[in-house]
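First the structure, in the form of structure tokens, and then the observations on it.
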Amino acid sequence: MRETARQLLREREVGLVIGYAAGSEAYWVTPAFIKEEAQADRLVWNPFCVNSLAKYLINYHHEPYKVAVVVKGCDSRALVRLLQDNQVQREKVVVIGIPCLGVVDAKAAALKIAPGTRILGASVTDGEFLLQTESGTLSLPRGEALCAKCRYCENPTPVLADTLLAEEVAAEPAANIYAEVREVESWPREKRSAFWDGHFQRCLRCYACRNICPACTCRECVFDQTDPCWVAKAHNLSENTAFHLIRAMHVAGRCVDCGECERACPVNIPLRLLNQKVIKDIKELFGVSTPGSRLDEMPALGMFATEDPDEFN
Amino acid sequence: MSVRDFLLTREGLHSWLSRLARDYPLIAPVEEEKGVITFKQVGGPQEIVFDCAPSTLPPKEWFLPSTEELFAFSTAGGGITLQEPPGPKERVLFGLHPCDVRALLALDPVFGGTYPDPYYLGRRKATIIVALSCTKPGPYCFCPAVGGDPVVAAGADLLLTESGSSFAVKAMTSRGEEIIQRYPGHFAPDEEGRGERARQELAGQLAGMFAFLPDLRGVKEFLDGHFELPYWEEVASRCLGCGICTYTCPTCHCFDIFDQSWDGARGLRARCWDSCMFSQFTRMAGGHNPRPTQKERVRNRFLHKLKYHQDRYGLGGCVGCGRCVAKCPVNIDIRRIIGDLKELASHG
Amino acid sequence: MDNPLKPYPATIVKITDETPDVKTFQIVFDDPGVWDHFRHKPGQVAQISVFGVGEATISITSSPTRKGLLEFSVKRVGLLTGALHQLEAGSKVGIRGPLGNHFPYEEMKGSDLLFIGGGIGLAPLRALIDFVLDGENRSHYGQVEIIYGARSAADLCFKDDLFNRWPHMPGTKVYLTIDRPEEGWNGHVGFVPSYLEEISPSPRNRFAITCGPPVMIKFVLSALQKLGFPDERIITTLEMKMKCGVGKCGRCNIGSKFVCVDGPVFYLSQLKELPPEF
Ligand SMILES: Cc1cc2nc3c(=O)[nH]c(=O)nc-3n(C[C@H](O)[C@H](O)[C@H](O)COP(=O)(O)OP(=O)(O)OC[C@H]3O[C@@H](n4cnc5c(N)ncnc54)[C@H](O)[C@@H]3O)c2cc1C
Ligand code: SF4
Ligand code: SF4
Ligand code: SF4
Ligand code: SF4
Ligand code: SF4
Ligand code: FES
């Protein structure tokens, strides 16, 4: 990856490479914005590269230069989404695709890896993530450590890439992808309602889930439009619920199931479950694929306004 | 001088907490959701999480609620009447770590001063604070680096320190002494200075247990002379402007004020948390924004933590709890920021 | 103020149209007892509430020497100012204040005063102008000169003061200018900073006090420096977005200073110490 970045920068193919750099703990990475060849050594790729970097492209929309971005399979769906929304122009991006064997859930890894540990290298096998540290090799069982979104990954290989940095990875059959959604659907209404109330009352309305979301790209978000507005910031169950339903509806048909909102949420609200419910319903209704997974398929809904989420409430 | 040191057995602690929960609203850390520890009113000790790593959200909510009514207004009858909500009842806040108590001390002058804020100060006055020494720092704690003390919580009314099978209790204020007197039979006087020894021993043990302690020396002086740094651009390019770091921070106090009215004749004025990381925060009518990009906003946050609060109140704006470190989705880590600034300071 | 976030109920008693988008509101407290602790000084501001809509920070444009009422001149720019403009005499509002610091009128005693205003920026200056011109205060101050400009003649605020009152006061001169020539205007045409350079007042024993749109302030400040005014005798007011007005909500800071409590009045020497973030 470093070599690819160096070459792109050296040949002035791009003015910026967006990739990953080591984070402050072994199980975190941080986005890296590399503008000079000499800086390319900062780039890393390891099983902790969970962040989706595609949305950063919007910030460089007006720059004269091209931008290269590192994408995993799921991130490539986000990129397709941004391209389809004209948030990003195809001719201004160089896509460095990484076929992915799954990434680690940092919250799970943090329980296993002592703070301050340095990672020297990492490899992935069928059953485990192997990490070389200064004090020996550490194994994280795949079952425990794998990110929820990777468990039934539909696109381990990016659906769009200018260069692929590894062998393609085939998708495993994803029959169970909506198991959790089905489980919640099977609950009686009261139980579902209590479940979501319990989660929604915790919401801080920080809007991290929105800011990180590749499908939330409105220049003026509905939640910001009127400055002194109750719905904008007030924090109570009914306003929180309103926020969550509006958010889920706004990303309906556009959410690429990247799981970033759920990862960002500081109070562990299972946002992905809500999104997946919507994705699943749309798939069943319209027979489409997960948004962003097919270049030739535009979002199923320009506008989506069914009462479905009520069923889920 | 009266005895200020006491000992409390583990069973004694539990029965005392049960009594407290009956006599007062008792607020303590609970695991609200897997991995999410917040301060909530509890029915008894069985609900409380005694673990040391700081709670997911700070106890700030109990002093500066995320949304709070300032007053209700009504224009019925041609006049205008404003009615403030009733103040809180006396309550006990249990299980604050020393950093959380220190954060309250950092907020006190913001809400005190020339224009005392009756909402915050009313809650402060109504709250008896029982702090718990840390026995093990959380993975991102760095309180000693910002002048904090993980054992002794100056500013609490009572300080509990776990020591073997019992707890050393220190009354830090006269209010703390009163509370102890109110529950005779639970607390045994500590006449041999066991508590003091336990605290010192713990301090010694903890000293080596912090994973990463950034070196703050010279950083403020450097920031005093360097407002403009290209470094902030690099940090800002990563930042999502999501505000998690400020909402989870025990010393962040920014709020917005807004009115809510259903019919124009009656309604509420309320305030709710706001964040300098949001793009709307300083945008004025007409569109002018003195902090137009994320660069200025990120800089404002770190300068507030590392310089402005110190300039204004003579107190650090960061207590080293590591919550922002734990929760930033793109790993903007204040410990690293301090380290980088230190580096810039020494290499120019 | 036992609760700095709770306004005093008040009533609008008179509304004057100043310009197409500026109105002056005369306001009295519903409880006359409020006057005992509402003792404002020239340069201070208040938060005006329209209940159900919100609040806005507005300079108190009436001098404290005018007892028993407050005046605010408000330009319609957004939600709250728009709502205020809809109100009629007799409407109820809320007033929080007085807030912020004030012009250093004690230190100015014995000096000549040069006021330089643009547009709605004359509002805070007017409180000080009337303060020094009123009654026995007049004897403590030297010459008073007022340079004021607006986009057009119609956009001049406080026309009654500008044309009928101030020019007739002893030791007082008023210089007016508008941005572009227009029919019926015989006065000066041009921007305020260049008019200032034309008039070229001496910096000797004189304070310059300026308020107006940010660009105007910027050029006026450099013109004053060119004329030889020392930074300690150049005074201006700053505008930042405000909510609480009492140093708590955190949004009006410039570096370590809160404009709401440490300002809005600053000496140029102080501005130079602040980071350029306003
Ligand atoms: C110290 C000071 C003195 C002022 N004096 C006057 C005056 O005498 N006359 C006058 O017409 N205007 C004055 N202003 C500007 C006035 O406060 C704003 O125009 C007004 O707040 C805009 O509110 P709005 O609701 O109509 O606009 P919106 O854009 O709808 O405002 C939304 C919110 O943003 C805040 N806000 C927006 N712009 C400003 C701003 N420029 N300054 C402060 N807060 C802002 C307000 O709190 C408001 O609630 C002054 C501002 C300051 C800081
Ligand atoms: S990130 Fe979580 S807490 Fe923040 S607004 Fe979204 S759901 Fe609420
Ligand atoms: S939590 Fe991180 S990404 Fe979010 S605003 Fe703070 S620094 Fe930026
Ligand atoms: S800035 Fe971060 S580490 Fe410091 S007090 Fe706030 S949340 Fe804790
Ligand atoms: S200015 Fe920013 S960092 Fe400071 S208290 Fe407010 S939100 Fe927190
Ligand atoms: S920062 Fe210090 S006081 Fe706070 S929880 Fe960590 S060790 Fe304890
Ligand atoms: S307006 Fe709230 S701090 Fe200045």
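Each chain of the structure tokens is named A, B, ... in the order shown, its residues numbered from 1; ligands are numbered from 1 in display order.
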
Can I get the residues close to ligand 4 as a list of chain:residue names, where close means within 7 Å and we count only C-alpha atoms and all ligand atoms?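 Final answer, ordered by chain and number: B:Cys245, B:Thr246, B:Thr248, B:Cys249, B:Pro250, B:Thr251, B:Cys252, B:Lys305, B:Gly317, B:Cys318, B:Val319, B:Gly320, B:Cys321, B:Gly322, B:Arg323, B:Cys324, B:Val325, B:Ile334.
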
Using only N, CA and C atoms, please write the residues we just selected to a file, as a tab-separated table (two decimals), in the first residue's frame.
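Heads up, here's the output in again.tsv:
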```
chain	number	residue	atom	x	y	z
B	245	CYS	N	-16.50	13.94	21.86
B	245	CYS	CA	-15.45	14.27	22.83
B	245	CYS	C	-15.94	15.31	23.84
B	246	THR	N	-16.83	16.19	23.43
B	246	THR	CA	-17.29	17.23	24.35
B	246	THR	C	-18.50	16.76	25.16
B	248	THR	N	-18.99	13.75	26.15
B	248	THR	CA	-18.55	12.78	27.16
B	248	THR	C	-17.55	13.41	28.13
B	249	CYS	N	-17.20	14.65	27.92
B	249	CYS	CA	-16.17	15.28	28.76
B	249	CYS	C	-16.79	15.84	30.04
B	250	PRO	N	-16.20	15.54	31.18
B	250	PRO	CA	-16.79	16.01	32.44
B	250	PRO	C	-16.61	17.50	32.67
B	251	THR	N	-15.73	18.17	31.91
B	251	THR	CA	-15.54	19.60	32.14
B	251	THR	C	-16.16	20.47	31.05
B	252	CYS	N	-16.70	19.88	29.99
B	252	CYS	CA	-17.34	20.69	28.96
B	252	CYS	C	-18.68	21.19	29.47
B	305	LYS	N	-9.17	23.28	26.64
B	305	LYS	CA	-8.75	22.30	27.64
B	305	LYS	C	-7.37	22.60	28.21
B	317	GLY	N	-8.33	22.58	32.36
B	317	GLY	CA	-9.60	22.29	31.70
B	317	GLY	C	-9.75	20.83	31.37
B	318	CYS	N	-8.72	20.03	31.61
B	318	CYS	CA	-8.79	18.60	31.34
B	318	CYS	C	-8.36	17.89	32.61
B	319	VAL	N	-9.17	16.93	33.04
B	319	VAL	CA	-8.83	16.22	34.27
B	319	VAL	C	-8.25	14.83	33.99
B	320	GLY	N	-8.04	14.53	32.72
B	320	GLY	CA	-7.34	13.29	32.40
B	320	GLY	C	-8.16	12.02	32.54
B	321	CYS	N	-9.48	12.12	32.37
B	321	CYS	CA	-10.31	10.93	32.56
B	321	CYS	C	-10.25	9.99	31.36
B	322	GLY	N	-9.81	10.50	30.21
B	322	GLY	CA	-9.67	9.63	29.04
B	322	GLY	C	-10.96	9.27	28.33
B	323	ARG	N	-12.08	9.89	28.69
B	323	ARG	CA	-13.34	9.51	28.03
B	323	ARG	C	-13.34	9.88	26.56
B	324	CYS	N	-12.80	11.06	26.26
B	324	CYS	CA	-12.77	11.46	24.85
B	324	CYS	C	-11.86	10.54	24.06
B	325	VAL	N	-10.82	10.04	24.73
B	325	VAL	CA	-9.90	9.11	24.08
B	325	VAL	C	-10.64	7.81	23.76
B	334	ILE	N	-6.27	12.99	22.98
B	334	ILE	CA	-5.69	14.19	23.61
B	334	ILE	C	-4.32	13.90	24.20
```

Could you give me the residues within 10 Å of ligand 7, counting only C-alpha atoms and all ligand atoms, as an NGL selection string? (:B and (110 or 253-257)) or (:C and (47 or 57 or 99-100 or 240-254 or 257-263))

Would you mind listing what lies within 6 Å of stretch 84-96 of chain B as a ChimeraX atom specification, with only C-alpha atoms counted and same-chain residues fewer than 6 positions away left out? /B:24-28,71,126-132

Could you please extract the residues within 7 Å of ligand 2, counting only C-alpha atoms and all ligand atoms, and hand them back as a PyMOL selection string? chain A and resi 202-210+261+264-269+271

Write the residues of the preceding selection, restricted to N, CA, C and O atoms, as an mmCIF file, in the first residue's frame.
```
data_model
loop_
_atom_site.group_PDB
_atom_site.id
_atom_site.type_symbol
_atom_site.label_atom_id
_atom_site.label_comp_id
_atom_site.auth_asym_id
_atom_site.auth_seq_id
_atom_site.Cartn_x
_atom_site.Cartn_y
_atom_site.Cartn_z
ATOM 1 N N ARG A 202 -31.295 6.665 25.874
ATOM 2 C CA ARG A 202 -29.883 6.871 26.174
ATOM 3 C C ARG A 202 -29.204 7.818 25.182
ATOM 4 O O ARG A 202 -28.119 8.333 25.451
ATOM 5 N N CYS A 203 -29.824 7.997 24.056
ATOM 6 C CA CYS A 203 -29.177 8.770 22.981
ATOM 7 C C CYS A 203 -28.842 10.178 23.468
ATOM 8 O O CYS A 203 -29.650 10.848 24.074
ATOM 9 N N LEU A 204 -27.644 10.608 23.168
ATOM 10 C CA LEU A 204 -27.174 11.929 23.595
ATOM 11 C C LEU A 204 -27.482 13.010 22.581
ATOM 12 O O LEU A 204 -27.238 14.178 22.832
ATOM 13 N N ARG A 205 -27.923 12.596 21.410
ATOM 14 C CA ARG A 205 -28.156 13.537 20.317
ATOM 15 C C ARG A 205 -26.865 14.270 19.948
ATOM 16 O O ARG A 205 -26.863 15.463 19.666
ATOM 17 N N CYS A 206 -25.797 13.525 19.970
ATOM 18 C CA CYS A 206 -24.523 14.122 19.585
ATOM 19 C C CYS A 206 -24.394 14.166 18.063
ATOM 20 O O CYS A 206 -23.612 14.918 17.516
ATOM 21 N N TYR A 207 -25.153 13.325 17.392
ATOM 22 C CA TYR A 207 -25.155 13.274 15.926
ATOM 23 C C TYR A 207 -23.880 12.688 15.325
ATOM 24 O O TYR A 207 -23.585 12.905 14.153
ATOM 25 N N ALA A 208 -23.135 11.955 16.141
ATOM 26 C CA ALA A 208 -21.960 11.285 15.595
ATOM 27 C C ALA A 208 -22.404 10.308 14.511
ATOM 28 O O ALA A 208 -21.754 10.158 13.477
ATOM 29 N N CYS A 209 -23.528 9.638 14.739
ATOM 30 C CA CYS A 209 -24.015 8.646 13.787
ATOM 31 C C CYS A 209 -24.310 9.296 12.437
ATOM 32 O O CYS A 209 -24.146 8.689 11.390
ATOM 33 N N ARG A 210 -24.732 10.543 12.483
ATOM 34 C CA ARG A 210 -24.991 11.259 11.245
ATOM 35 C C ARG A 210 -23.690 11.725 10.602
ATOM 36 O O ARG A 210 -23.477 11.553 9.405
ATOM 37 N N CYS A 261 -22.153 4.014 11.962
ATOM 38 C CA CYS A 261 -22.942 4.752 12.950
ATOM 39 C C CYS A 261 -22.915 4.031 14.283
ATOM 40 O O CYS A 261 -22.707 4.626 15.333
ATOM 41 N N ALA A 264 -19.576 4.376 15.964
ATOM 42 C CA ALA A 264 -19.288 5.698 16.515
ATOM 43 C C ALA A 264 -20.093 5.973 17.778
ATOM 44 O O ALA A 264 -19.639 6.688 18.659
ATOM 45 N N CYS A 265 -21.275 5.441 17.863
ATOM 46 C CA CYS A 265 -22.186 5.818 18.951
ATOM 47 C C CYS A 265 -21.525 5.600 20.316
ATOM 48 O O CYS A 265 -21.118 4.503 20.649
ATOM 49 N N PRO A 266 -21.431 6.682 21.104
ATOM 50 C CA PRO A 266 -20.732 6.561 22.383
ATOM 51 C C PRO A 266 -21.529 5.783 23.426
ATOM 52 O O PRO A 266 -20.974 5.419 24.451
ATOM 53 N N VAL A 267 -22.813 5.556 23.183
ATOM 54 C CA VAL A 267 -23.607 4.850 24.193
ATOM 55 C C VAL A 267 -24.194 3.551 23.650
ATOM 56 O O VAL A 267 -25.223 3.057 24.139
ATOM 57 N N ASN A 268 -23.516 2.987 22.660
ATOM 58 C CA ASN A 268 -23.837 1.646 22.150
ATOM 59 C C ASN A 268 -25.304 1.450 21.764
ATOM 60 O O ASN A 268 -25.926 0.456 22.153
ATOM 61 N N ILE A 269 -25.852 2.357 21.032
ATOM 62 C CA ILE A 269 -27.211 2.148 20.525
ATOM 63 C C ILE A 269 -27.114 1.278 19.265
ATOM 64 O O ILE A 269 -26.297 1.564 18.388
ATOM 65 N N LEU A 271 -27.693 0.861 16.255
ATOM 66 C CA LEU A 271 -28.232 1.547 15.086
ATOM 67 C C LEU A 271 -28.252 0.647 13.862
ATOM 68 O O LEU A 271 -29.118 0.761 13.000
#
```

Just want the 10 Å neighbourhood of B:Ile332, counted on only C-alpha atoms, with same-chain residues fewer than 6 positions away dropped. Output as an MDAnalysis selection string. (chainID A and resid 23:24 29:31) or (chainID B and resid 235:236 238:239 245 324:326)

Point out the residue among B:Cys242, B:Leu315, B:Cys141, B:Leu8 with the least atom-to-atom distance to chain A, counting only C-alpha atoms.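 Result for the nearest residue to chain A: B:Cys242.
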
May I ask you to write as a ChimeraX atom specification all residues lying at most 9 Å from ligand 6, with only C-alpha atoms and all ligand atoms counted? /B:52-55,96-102,132-144,148-153,206,210,319-323

Please produce an output containing N, CA, C and O atoms for each residue in the selection, written as a short mmCIF file (atom, residue, chain, number, x, y, z; two decimals), in the first residue's frame.
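The resulting file, out24.cif, is reproduced below:
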```cif
data_model
loop_
_atom_site.label_atom_id
_atom_site.label_comp_id
_atom_site.auth_asym_id
_atom_site.auth_seq_id
_atom_site.Cartn_x
_atom_site.Cartn_y
_atom_site.Cartn_z
N CYS B 52 -13.39 0.32 38.71
CA CYS B 52 -12.72 1.61 38.73
C CYS B 52 -12.70 2.40 37.43
O CYS B 52 -12.81 3.62 37.45
N ALA B 53 -12.55 1.76 36.31
CA ALA B 53 -12.41 2.54 35.06
C ALA B 53 -13.54 3.56 34.99
O ALA B 53 -14.66 3.26 35.37
N PRO B 54 -13.27 4.78 34.51
CA PRO B 54 -14.31 5.80 34.59
C PRO B 54 -15.57 5.41 33.84
O PRO B 54 -15.52 4.65 32.88
N SER B 55 -16.70 5.91 34.32
CA SER B 55 -17.98 5.62 33.68
C SER B 55 -17.96 6.10 32.24
O SER B 55 -17.20 7.00 31.89
N LEU B 96 -18.10 8.65 42.61
CA LEU B 96 -17.34 9.48 41.68
C LEU B 96 -15.86 9.17 41.85
O LEU B 96 -15.38 8.98 42.97
N HIS B 97 -15.15 9.16 40.76
CA HIS B 97 -13.71 9.03 40.85
C HIS B 97 -13.12 10.39 41.10
O HIS B 97 -13.75 11.41 40.82
N PRO B 98 -11.90 10.42 41.61
CA PRO B 98 -11.29 11.73 41.89
C PRO B 98 -11.32 12.67 40.69
O PRO B 98 -11.53 13.87 40.85
N CYS B 99 -11.16 12.14 39.47
CA CYS B 99 -11.16 13.04 38.30
C CYS B 99 -12.53 13.69 38.13
O CYS B 99 -12.62 14.83 37.71
N ASP B 100 -13.59 12.93 38.44
CA ASP B 100 -14.93 13.50 38.28
C ASP B 100 -15.20 14.60 39.30
O ASP B 100 -15.89 15.57 39.01
N VAL B 101 -14.66 14.43 40.49
CA VAL B 101 -14.82 15.47 41.50
C VAL B 101 -14.02 16.71 41.06
O VAL B 101 -14.50 17.83 41.14
N ARG B 102 -12.84 16.46 40.55
CA ARG B 102 -12.01 17.57 40.10
C ARG B 102 -12.68 18.31 38.94
O ARG B 102 -12.56 19.53 38.81
N LEU B 132 -14.86 7.67 45.42
CA LEU B 132 -14.23 6.36 45.56
C LEU B 132 -12.83 6.46 44.95
O LEU B 132 -12.70 6.80 43.77
N SER B 133 -11.81 6.16 45.73
CA SER B 133 -10.45 6.16 45.17
C SER B 133 -10.38 5.11 44.07
O SER B 133 -11.00 4.06 44.16
N CYS B 134 -9.58 5.40 43.06
CA CYS B 134 -9.39 4.39 42.01
C CYS B 134 -8.44 3.33 42.52
O CYS B 134 -7.44 3.64 43.16
N THR B 135 -8.74 2.07 42.23
CA THR B 135 -7.81 1.02 42.61
C THR B 135 -7.05 0.53 41.39
O THR B 135 -6.07 -0.20 41.49
N LYS B 136 -7.56 0.91 40.23
CA LYS B 136 -6.89 0.52 39.00
C LYS B 136 -7.29 1.55 37.95
O LYS B 136 -8.48 1.77 37.74
N PRO B 137 -6.32 2.20 37.33
CA PRO B 137 -6.72 3.20 36.34
C PRO B 137 -7.38 2.54 35.13
O PRO B 137 -7.08 1.39 34.81
N GLY B 138 -8.26 3.27 34.49
CA GLY B 138 -8.83 2.78 33.24
C GLY B 138 -7.75 2.78 32.17
O GLY B 138 -6.68 3.39 32.36
N PRO B 139 -8.00 2.13 31.04
CA PRO B 139 -6.95 2.02 30.02
C PRO B 139 -6.48 3.37 29.47
O PRO B 139 -5.36 3.47 28.98
N TYR B 140 -7.33 4.40 29.52
CA TYR B 140 -6.93 5.68 28.91
C TYR B 140 -6.78 6.79 29.94
O TYR B 140 -6.70 7.96 29.58
N CYS B 141 -6.79 6.42 31.22
CA CYS B 141 -6.66 7.42 32.28
C CYS B 141 -5.27 8.05 32.25
O CYS B 141 -4.28 7.36 32.04
N PHE B 142 -5.24 9.36 32.49
CA PHE B 142 -3.93 10.00 32.64
C PHE B 142 -3.99 11.15 33.63
O PHE B 142 -3.26 12.13 33.52
N CYS B 143 -4.84 11.00 34.66
CA CYS B 143 -5.02 12.09 35.62
C CYS B 143 -3.72 12.62 36.22
O CYS B 143 -3.58 13.83 36.39
N PRO B 144 -2.73 11.75 36.54
CA PRO B 144 -1.53 12.33 37.16
C PRO B 144 -0.82 13.32 36.22
O PRO B 144 -0.19 14.26 36.69
N GLY B 148 -3.74 15.55 38.53
CA GLY B 148 -4.78 14.89 39.31
C GLY B 148 -4.19 13.85 40.24
O GLY B 148 -3.02 13.50 40.16
N ASP B 149 -5.03 13.37 41.12
CA ASP B 149 -4.62 12.38 42.11
C ASP B 149 -5.68 11.28 42.10
O ASP B 149 -6.83 11.53 42.44
N PRO B 150 -5.33 10.07 41.67
CA PRO B 150 -6.35 9.03 41.55
C PRO B 150 -6.84 8.50 42.89
O PRO B 150 -7.81 7.74 42.94
N VAL B 151 -6.19 8.88 43.97
CA VAL B 151 -6.59 8.34 45.28
C VAL B 151 -7.42 9.33 46.07
O VAL B 151 -8.51 9.02 46.54
N VAL B 152 -6.89 10.53 46.25
CA VAL B 152 -7.57 11.50 47.11
C VAL B 152 -8.40 12.45 46.25
O VAL B 152 -7.88 13.06 45.33
N ALA B 153 -9.70 12.52 46.56
CA ALA B 153 -10.58 13.36 45.77
C ALA B 153 -10.90 14.63 46.52
O ALA B 153 -11.92 14.72 47.20
N LEU B 206 -0.51 2.66 42.35
CA LEU B 206 -1.10 3.20 41.13
C LEU B 206 -0.07 3.90 40.25
O LEU B 206 -0.17 3.88 39.03
N PHE B 210 -0.33 3.51 35.06
CA PHE B 210 -0.91 4.27 33.94
C PHE B 210 -0.17 3.93 32.65
O PHE B 210 1.05 3.99 32.61
N VAL B 319 -9.17 16.93 33.04
CA VAL B 319 -8.83 16.22 34.27
C VAL B 319 -8.25 14.83 33.99
O VAL B 319 -8.05 14.05 34.91
N GLY B 320 -8.04 14.53 32.72
CA GLY B 320 -7.34 13.29 32.40
C GLY B 320 -8.16 12.02 32.54
O GLY B 320 -7.60 10.95 32.75
N CYS B 321 -9.48 12.12 32.37
CA CYS B 321 -10.31 10.93 32.56
C CYS B 321 -10.25 9.99 31.36
O CYS B 321 -10.66 8.84 31.46
N GLY B 322 -9.81 10.50 30.21
CA GLY B 322 -9.67 9.63 29.04
C GLY B 322 -10.96 9.27 28.33
O GLY B 322 -10.95 8.44 27.42
N ARG B 323 -12.08 9.89 28.69
CA ARG B 323 -13.34 9.51 28.03
C ARG B 323 -13.34 9.88 26.56
O ARG B 323 -13.81 9.12 25.71
#
```

Counting only C-alpha atoms, what is within 10 Å of B:Asn300, bar same-chain residues fewer than 6 positions away, as a list in words? Phe227, Trp232, Cys276, Met277, Arg291, Gln294, Leu306, Lys307 and Tyr308 of chain B; Asn253, Ile254, Gly255, Ser256 and Glu277 of chain C

Just N, CA, C and O atoms for this one: save the residues we selected as a short mmCIF file (atom, residue, chain, number, x, y, z; two decimals), in the first residue's frame.
```cif
data_model
loop_
_atom_site.label_atom_id
_atom_site.label_comp_id
_atom_site.auth_asym_id
_atom_site.auth_seq_id
_atom_site.Cartn_x
_atom_site.Cartn_y
_atom_site.Cartn_z
N PHE B 227 -0.65 30.51 18.39
CA PHE B 227 -2.06 30.27 18.11
C PHE B 227 -2.18 29.56 16.78
O PHE B 227 -2.86 28.55 16.64
N TRP B 232 -2.93 21.99 13.52
CA TRP B 232 -4.37 21.89 13.74
C TRP B 232 -5.08 21.45 12.47
O TRP B 232 -6.15 20.84 12.52
N CYS B 276 -18.54 23.13 20.88
CA CYS B 276 -17.73 23.97 20.01
C CYS B 276 -17.24 23.20 18.79
O CYS B 276 -16.64 23.78 17.90
N MET B 277 -17.48 21.87 18.76
CA MET B 277 -17.07 21.10 17.61
C MET B 277 -18.12 21.15 16.50
O MET B 277 -17.89 20.68 15.40
N ARG B 291 -15.35 30.97 13.51
CA ARG B 291 -14.62 29.69 13.45
C ARG B 291 -15.20 28.89 12.29
O ARG B 291 -15.97 27.96 12.50
N GLN B 294 -13.35 23.26 10.50
CA GLN B 294 -13.10 22.37 11.61
C GLN B 294 -11.74 22.66 12.25
O GLN B 294 -11.53 22.39 13.42
N LEU B 306 -6.46 23.03 27.35
CA LEU B 306 -5.06 23.12 27.77
C LEU B 306 -4.60 24.54 28.10
O LEU B 306 -3.52 24.72 28.62
N LYS B 307 -5.40 25.54 27.76
CA LYS B 307 -4.95 26.91 27.99
C LYS B 307 -6.04 27.84 28.53
O LYS B 307 -5.91 28.42 29.59
N TYR B 308 -7.14 27.98 27.75
CA TYR B 308 -8.13 29.01 28.10
C TYR B 308 -8.67 28.84 29.52
O TYR B 308 -8.81 29.81 30.26
N ASN C 253 -16.28 33.08 23.03
CA ASN C 253 -14.89 33.32 23.42
C ASN C 253 -14.02 33.68 22.23
O ASN C 253 -14.19 33.20 21.11
N ILE C 254 -13.09 34.59 22.50
CA ILE C 254 -11.98 34.84 21.57
C ILE C 254 -10.77 34.56 22.43
O ILE C 254 -10.48 35.29 23.37
N GLY C 255 -10.09 33.47 22.16
CA GLY C 255 -9.04 33.05 23.08
C GLY C 255 -9.65 32.85 24.46
O GLY C 255 -10.73 32.29 24.60
N SER C 256 -8.97 33.34 25.48
CA SER C 256 -9.45 33.13 26.85
C SER C 256 -10.50 34.13 27.28
O SER C 256 -10.98 34.08 28.40
N GLU C 277 -9.51 35.66 15.87
CA GLU C 277 -10.60 34.72 15.60
C GLU C 277 -11.95 35.38 15.84
O GLU C 277 -12.73 34.95 16.69
#
```

Check every residue of chain B for an atom within 8 Å of chain C, counting only C-alpha atoms, and provide those that qualify as a count of residues only. 45

At a cut-off of 8 Å, list the chain B residues touching chain A, using only C-alpha atoms, as a ChimeraX atom specification. /B:33,35-36,56,66-67,139-140,211-212,234,237-238,240-244,247,256-260,272-273,280,327-333,336

If you run DSSP over the backbone, which residues in stretch 73-320 of chain B end up helix (DSSP H, G or I)? Put them as number ranges by chain. B: 76-78, 98-111, 118-125, 143-146, 174-182, 194-207, 219-225, 231-238, 244-247, 294-313

Non-local contacts of C:Ala150 (12 Å; only C-alpha atoms; under 3 positions in same chain excluded) as a VMD selection string: chain C and resid 19 116 to 122 147 153 to 159 175 to 181 188 to 193 212 to 213 216

Calculate how many Å separate atom CA of B:Thr161 from atom CA of B:Phe50, rounding to one decimal.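 Atom-to-atom, atom CA of B:Thr161 and atom CA of B:Phe50 are spaced 11.4 Å apart.
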
Env of A:Gly73: 12 Å cut, atoms = only C-alpha atoms, seq-sep filter 6 positions within chain, self excluded. Answer as a ChimeraX atom specification. /A:50-54,79-80,95-103,149-150,153-161,164,168-171,256-258,292-294

I need the residue nearest chain A from this list: C:Ile58, C:Leu80, C:Val28, C:Leu128. Use only C-alpha atoms for the distance.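 When distances to chain A are compared using only C-alpha atoms, the smallest one comes from C:Leu80.
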